[in-house]
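Pasted below: coords.txt, compact mmCIF, C-alpha atoms.
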```
# COMPACT_ATOMS: atom_id res chain seq x y z
CA MET A 15 0.00 0.00 0.00
CA ILE A 16 1.41 3.36 -1.03
CA LYS A 17 1.71 5.81 1.87
CA ASN A 18 4.44 8.19 0.70
CA ILE A 19 4.80 10.11 -2.56
CA VAL A 20 8.40 11.00 -3.40
CA PHE A 21 9.10 13.76 -5.91
CA ASP A 22 12.19 14.77 -7.83
CA MET A 23 12.56 18.55 -8.05
CA GLY A 24 13.81 19.76 -11.46
CA ASN A 25 11.21 19.35 -14.22
CA VAL A 26 8.87 17.60 -11.80
CA VAL A 27 8.09 20.25 -9.18
CA ILE A 28 9.89 23.24 -10.70
CA ARG A 29 11.06 24.06 -14.20
CA PHE A 30 14.73 23.48 -14.95
CA ASP A 31 15.38 24.60 -18.52
CA PRO A 32 18.94 25.77 -19.28
CA ASP A 33 17.93 27.05 -22.72
CA ALA A 34 15.33 29.32 -21.12
CA PHE A 35 17.79 30.48 -18.46
CA ILE A 36 20.31 31.44 -21.14
CA GLU A 37 17.73 33.39 -23.12
CA ARG A 38 16.63 35.14 -19.92
CA PHE A 39 20.10 36.65 -19.60
CA GLY A 40 20.05 37.90 -23.17
CA VAL A 41 22.53 35.49 -24.75
CA SER A 42 21.97 35.27 -28.48
CA GLY A 43 23.75 33.38 -31.24
CA GLU A 44 24.10 29.62 -31.39
CA ASP A 45 27.83 29.61 -30.63
CA LYS A 46 27.35 31.64 -27.44
CA LYS A 47 24.36 29.55 -26.36
CA THR A 48 26.35 26.36 -26.87
CA LEU A 49 29.15 27.72 -24.68
CA MET A 50 26.69 28.57 -21.94
CA LEU A 51 24.98 25.17 -22.13
CA GLU A 52 28.32 23.54 -21.39
CA ILE A 53 28.04 24.99 -17.88
CA PHE A 54 25.06 22.76 -17.14
CA ARG A 55 26.70 19.75 -18.79
CA SER A 56 30.04 20.09 -17.04
CA PRO A 57 31.54 17.71 -14.47
CA GLU A 58 31.68 20.68 -12.12
CA TRP A 59 27.88 20.98 -12.19
CA VAL A 60 27.70 17.37 -11.08
CA MET A 61 30.29 18.09 -8.42
CA MET A 62 28.02 20.81 -7.02
CA ASP A 63 25.17 18.30 -6.80
CA ARG A 64 27.49 15.84 -5.09
CA GLY A 65 28.50 18.48 -2.55
CA ARG A 66 32.12 18.65 -3.64
CA LEU A 67 31.95 22.24 -4.92
CA THR A 68 29.94 25.23 -3.78
CA ASP A 69 28.22 27.34 -6.41
CA GLU A 70 30.90 30.03 -6.02
CA GLN A 71 33.71 27.51 -6.41
CA CYS A 72 32.02 26.10 -9.50
CA ALA A 73 31.77 29.57 -11.00
CA ASP A 74 35.44 30.23 -10.25
CA VAL A 75 36.37 27.11 -12.21
CA LEU A 76 33.96 27.48 -15.12
CA CYS A 77 34.01 31.21 -15.85
CA PRO A 78 37.61 31.31 -17.13
CA ARG A 79 36.60 28.74 -19.76
CA VAL A 80 34.30 31.17 -21.55
CA PRO A 81 35.22 34.43 -23.32
CA GLU A 82 35.65 37.37 -20.98
CA HIS A 83 32.54 39.18 -22.21
CA LEU A 84 30.41 36.15 -21.23
CA ARG A 85 31.86 35.54 -17.78
CA ASP A 86 29.39 37.74 -15.93
CA VAL A 87 26.53 35.89 -17.61
CA ALA A 88 28.12 32.54 -16.77
CA ARG A 89 28.35 33.48 -13.10
CA LYS A 90 24.74 34.64 -13.07
CA LEU A 91 23.60 31.39 -14.70
CA ILE A 92 25.17 29.46 -11.86
CA ALA A 93 24.00 31.75 -9.06
CA LEU A 94 20.63 33.04 -10.31
CA TRP A 95 19.07 30.42 -12.59
CA ASP A 96 16.31 30.02 -9.99
CA ARG A 97 15.02 33.60 -10.35
CA PRO A 98 12.18 33.42 -10.91
CA ILE A 99 11.09 29.99 -9.66
CA ILE A 100 8.51 28.51 -12.01
CA GLU A 101 6.47 25.53 -10.85
CA ILE A 102 5.44 22.83 -13.29
CA GLU A 103 1.87 23.54 -14.38
CA GLY A 104 -0.62 21.49 -12.39
CA ILE A 105 1.87 20.15 -9.85
CA TYR A 106 0.72 22.36 -6.96
CA PRO A 107 -2.92 21.19 -7.06
CA LEU A 108 -1.76 17.57 -7.32
CA ILE A 109 0.57 17.79 -4.33
CA GLU A 110 -2.07 19.68 -2.34
CA GLU A 111 -4.59 16.96 -3.12
CA LEU A 112 -2.18 14.17 -2.19
CA LYS A 113 -1.48 15.88 1.13
CA GLY A 114 -5.20 16.26 1.76
CA LEU A 115 -5.69 12.56 1.13
CA GLY A 116 -3.25 11.77 3.93
CA TYR A 117 -0.13 10.87 1.97
CA SER A 118 3.26 11.96 3.23
CA ILE A 119 5.16 14.02 0.66
CA TYR A 120 8.94 13.90 0.21
CA LEU A 121 11.59 15.39 -2.04
CA LEU A 122 14.57 13.36 -3.29
CA SER A 123 16.66 15.50 -5.62
CA ASN A 124 20.10 16.11 -7.01
CA ALA A 125 20.95 19.74 -6.24
CA SER A 126 23.68 21.98 -4.88
CA CYS A 127 24.07 23.62 -1.48
CA ARG A 128 21.87 26.59 -2.51
CA GLN A 129 18.79 24.36 -2.73
CA PRO A 130 17.48 25.10 0.79
CA ASP A 131 17.51 28.83 -0.02
CA TYR A 132 15.46 28.74 -3.21
CA TRP A 133 13.26 25.83 -2.06
CA GLN A 134 11.64 28.25 0.37
CA ARG A 135 10.31 30.18 -2.64
CA VAL A 136 8.60 27.14 -4.15
CA PRO A 137 4.88 27.44 -3.36
CA ALA A 138 4.35 23.67 -3.04
CA ALA A 139 7.27 23.30 -0.61
CA LYS A 140 4.91 23.84 2.33
CA PHE A 141 3.31 20.44 1.72
CA PHE A 142 6.55 18.44 2.03
CA ASP A 143 7.25 16.34 5.10
CA GLY A 144 10.94 15.97 4.36
CA THR A 145 13.65 16.60 1.79
CA LEU A 146 16.87 14.76 1.02
CA ILE A 147 19.19 16.64 -1.32
CA SER A 148 22.25 15.09 -2.90
CA TYR A 149 24.81 17.70 -1.82
CA SER A 150 24.03 17.10 1.85
CA VAL A 151 24.82 13.37 1.73
CA LYS A 152 27.59 13.47 -0.93
CA LEU A 153 25.58 11.01 -3.05
CA ILE A 154 23.63 11.52 -6.27
CA LYS A 155 20.88 9.73 -8.11
CA PRO A 156 20.92 7.16 -9.62
CA MET A 157 23.39 5.73 -7.06
CA PRO A 158 21.52 3.07 -5.04
CA GLU A 159 23.13 4.42 -1.88
CA ILE A 160 21.18 7.68 -2.00
CA TYR A 161 17.89 5.78 -2.05
CA GLU A 162 18.97 3.66 0.90
CA LYS A 163 19.97 6.84 2.72
CA PHE A 164 16.56 8.33 1.96
CA PHE A 165 14.67 5.35 3.42
CA GLU A 166 16.92 5.33 6.48
CA THR A 167 16.68 9.09 7.08
CA PHE A 168 12.89 9.16 7.19
CA GLY A 169 12.24 5.63 8.44
CA LEU A 170 10.24 4.65 5.36
CA ARG A 171 9.41 1.26 3.90
CA ARG A 172 10.46 1.32 0.26
CA GLU A 173 7.45 -0.60 -0.98
CA GLU A 174 5.19 2.04 0.60
CA CYS A 175 6.82 4.83 -1.42
CA PHE A 176 5.98 5.94 -4.95
CA PHE A 177 8.69 7.85 -6.80
CA ILE A 178 8.17 10.47 -9.53
CA ASP A 179 11.24 11.60 -11.52
CA ASP A 180 11.83 12.86 -15.05
CA SER A 181 14.88 10.61 -15.51
CA PRO A 182 14.34 6.97 -16.56
CA ALA A 183 17.71 6.08 -14.99
CA ASN A 184 16.60 7.47 -11.62
CA ILE A 185 13.32 5.57 -11.73
CA GLU A 186 15.14 2.38 -12.75
CA ALA A 187 17.46 2.79 -9.77
CA GLY A 188 14.44 3.23 -7.50
CA LEU A 189 12.90 0.05 -8.86
CA TYR A 190 16.23 -1.72 -8.33
CA VAL A 191 16.09 -0.97 -4.60
CA GLY A 192 12.40 -1.86 -4.36
CA MET A 193 10.63 1.49 -4.71
CA PRO A 194 7.94 1.69 -7.41
CA GLY A 195 7.66 4.81 -9.52
CA VAL A 196 7.07 6.41 -12.91
CA VAL A 197 8.90 8.69 -15.29
CA PHE A 198 7.26 12.11 -15.49
CA HIS A 199 6.87 13.51 -19.00
CA ASN A 200 5.48 16.94 -18.09
CA ASP A 201 1.95 15.57 -18.40
CA ILE A 202 -0.04 15.95 -15.19
CA LYS A 203 -3.09 14.16 -16.56
CA ARG A 204 -0.97 11.14 -17.41
CA LEU A 205 0.69 11.26 -14.00
CA ARG A 206 -2.69 11.26 -12.31
CA ARG A 207 -3.65 8.15 -14.30
CA GLN A 208 -0.39 6.47 -13.33
CA LEU A 209 -0.92 7.29 -9.66
CA ARG A 210 -4.42 5.86 -9.78
CA ALA A 211 -3.07 2.71 -11.44
CA ALA A 212 -0.68 2.36 -8.50
CA GLY A 213 -3.57 2.61 -6.04
CA VAL A 214 -3.25 6.30 -5.19
CA MET A 215 -6.79 7.59 -5.47
CA VAL A 216 -6.27 11.09 -6.80
CA LYS A 217 -8.82 12.64 -9.11
CA GLU A 218 -8.51 12.03 -12.80
CA GLY A 219 -7.09 14.98 -14.70
```
Could you take the file, read its structure, and then write that structure out as structure tokens?
Amino acid sequence: MIKNIVFDMGNVVIRFDPDAFIERFGVSGEDKKTLMLEIFRSPEWVMMDRGRLTDEQCADVLCPRVPEHLRDVARKLIALWDRPIIEIEGIYPLIEELKGLGYSIYLLSNASCRQPDYWQRVPAAKFFDGTLISYSVKLIKPMPEIYEKFFETFGLRREECFFIDDSPANIEAGLYVGMPGVVFHNDIKRLRRQLRAAGVMVKEG
């Protein structure tokens, strides 16, 4: 029986779209955009999520790799991508409904040490009973160890959790350790159907 709904953060609860972030800071031209996208694809970005670099340290490493006239933008992309926070359409009513039905709500996400600061600005954050963020445990999804740490931290039975993530690899890892879940494709109606199929009696979209 499912008792706990576990959400990923980026592109499940809030929008994480590097292309949109780059456009927000006025970068134009495919060559420049490609350079900026490399920030989000870099090993250093992963190192932030793993808690091995702070955002400032990451910026100090990455900014010298781009032309001087783009370095200010690069630093802003690292430090200010979350302004403004944009929730995924339809996710707030779903989480509110799940909470009202008596389910416990959790966050299991890869993110850097700034996550607690901007998470406070996410409207749906008030419904969450607990969060486990990769930087704080020096582990990242899809490592099985981060899932085990999650269950241990909150005293949860894995078979009573249902995991929602936009990454197939992260869902596969959850299944590997015994936690059912589904890949989210930015389709709330479909997610509601999948939750109902798992025995979570939310309304149909």
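Distances here use all atoms listed in the file; by that measure, the residue among A:Asp201, A:Asp143, A:Glu110, A:Glu166 closest to A:Asn25 is A:Asp201.
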Q: Between A:Thr68, A:Lys203, A:Glu52, A:Phe142, single out the one closest to A:Lys113, counting all atoms listed in the file.
A: A:Phe142
Each residue of stretch 74-102 of chain A with at least one atom at most 12 Å from stretch 60-64 of chain A should appear once, together with its nearest atom pair and the corresponding distance in Å (one decimal); atoms considered: only C-alpha atoms; ordering: chain, then increasing residue number; output as JSON lines.
```
{"residue": "A:Val75", "atom": "CA", "partner": "A:Met61", "partner_atom": "CA", "distance": 11.5}
{"residue": "A:Ile92", "atom": "CA", "partner": "A:Met62", "partner_atom": "CA", "distance": 10.3}
{"residue": "A:Ala93", "atom": "CA", "partner": "A:Met62", "partner_atom": "CA", "distance": 11.8}
```
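Comparing A:Ile202, A:Ile147, A:Ile105, A:Met50 by their smallest distance to A:Phe35, the closest is A:Met50 (using only C-alpha atoms).
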Q: Could you tell me which of A:Lys152, A:Lys90, A:Arg206, A:Arg135 comes closest to A:Arg66 if we count only C-alpha atoms?
A: A:Lys152
Q) What does the distance between atom CA of A:Pro98 and atom CA of A:Val26 come to in Å, to one decimal place? A) 16.2 Å
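Checking A:Val87, A:Ile102, A:Cys72, A:Cys77 one by one against A:Cys127, counting only C-alpha atoms, you find the shortest gap at A:Cys72.
Across A:Asp180, A:Glu37, A:Asp96, A:Glu162, the tightest approach to A:Phe21 is made by A:Asp180 when counting only C-alpha atoms.
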Q. Contacts of A:Val41 at 12 Å or less, counting only C-alpha atoms, minus same-chain residues fewer than 6 places along, as JSON, numbers by chain?
A. {"A": [32, 33, 34, 35, 47, 48, 49, 50, 51, 83, 84, 85, 86, 87, 88, 90, 91]}
If you keep C-alpha atoms, can you produce a file of those selected residues as a PDB file, in the frame of the given file?
```pdb
ATOM      1  CA  PRO A  32      18.940  25.770 -19.280  1.00  0.00           C
ATOM      2  CA  ASP A  33      17.930  27.050 -22.720  1.00  0.00           C
ATOM      3  CA  ALA A  34      15.330  29.320 -21.120  1.00  0.00           C
ATOM      4  CA  PHE A  35      17.790  30.480 -18.460  1.00  0.00           C
ATOM      5  CA  LYS A  47      24.360  29.550 -26.360  1.00  0.00           C
ATOM      6  CA  THR A  48      26.350  26.360 -26.870  1.00  0.00           C
ATOM      7  CA  LEU A  49      29.150  27.720 -24.680  1.00  0.00           C
ATOM      8  CA  MET A  50      26.690  28.570 -21.940  1.00  0.00           C
ATOM      9  CA  LEU A  51      24.980  25.170 -22.130  1.00  0.00           C
ATOM     10  CA  HIS A  83      32.540  39.180 -22.210  1.00  0.00           C
ATOM     11  CA  LEU A  84      30.410  36.150 -21.230  1.00  0.00           C
ATOM     12  CA  ARG A  85      31.860  35.540 -17.780  1.00  0.00           C
ATOM     13  CA  ASP A  86      29.390  37.740 -15.930  1.00  0.00           C
ATOM     14  CA  VAL A  87      26.530  35.890 -17.610  1.00  0.00           C
ATOM     15  CA  ALA A  88      28.120  32.540 -16.770  1.00  0.00           C
ATOM     16  CA  LYS A  90      24.740  34.640 -13.070  1.00  0.00           C
ATOM     17  CA  LEU A  91      23.600  31.390 -14.700  1.00  0.00           C
TER      18      LEU A  91
END
```
(Q) Applying 7 Å and only C-alpha atoms, which residues near A:Cys175 remain after dropping the ones on its own chain fewer than 4 positions away? List them as a PyMOL selection string. (A) chain A and resi 16-20+171+193-194
Suppose we keep C-alpha atoms; can you now write the selection as a CSV table (one decimal), keeping the file's coordinate frame?
```csv
chain,number,residue,atom,x,y,z
A,16,ILE,CA,1.4,3.4,-1.0
A,17,LYS,CA,1.7,5.8,1.9
A,18,ASN,CA,4.4,8.2,0.7
A,19,ILE,CA,4.8,10.1,-2.6
A,20,VAL,CA,8.4,11.0,-3.4
A,171,ARG,CA,9.4,1.3,3.9
A,193,MET,CA,10.6,1.5,-4.7
A,194,PRO,CA,7.9,1.7,-7.4
```
Q | Gap from atom CA of A:Leu121 to atom CA of A:Ala73 - Å, one decimal | A | 26.2 Å
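Atom CA of A:Pro137 is positioned 10.6 Å from atom CA of A:Ile109.
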Hey, what's within 10 Å of A:Glu103 if we count only C-alpha atoms and toss same-chain stuff fewer than 3 positions away? As a PDB file with C-alpha atoms, in the frame of the given file, please?
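Saved to result_30.pdb:
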```pdb
ATOM      1  CA  VAL A  26       8.870  17.600 -11.800  1.00  0.00           C
ATOM      2  CA  VAL A  27       8.090  20.250  -9.180  1.00  0.00           C
ATOM      3  CA  ILE A  28       9.890  23.240 -10.700  1.00  0.00           C
ATOM      4  CA  ARG A  29      11.060  24.060 -14.200  1.00  0.00           C
ATOM      5  CA  ILE A 100       8.510  28.510 -12.010  1.00  0.00           C
ATOM      6  CA  TYR A 106       0.720  22.360  -6.960  1.00  0.00           C
ATOM      7  CA  PRO A 107      -2.920  21.190  -7.060  1.00  0.00           C
ATOM      8  CA  LEU A 108      -1.760  17.570  -7.320  1.00  0.00           C
ATOM      9  CA  ASN A 200       5.480  16.940 -18.090  1.00  0.00           C
ATOM     10  CA  ASP A 201       1.950  15.570 -18.400  1.00  0.00           C
ATOM     11  CA  ILE A 202      -0.040  15.950 -15.190  1.00  0.00           C
TER      12      ILE A 202
END
```
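Residues with any atom within 8 Å of A:Gly192, counting all atoms listed in the file and excluding same-chain neighbours fewer than 3 positions away, are Arg172, Glu173, Gly188 and Leu189 of chain A.
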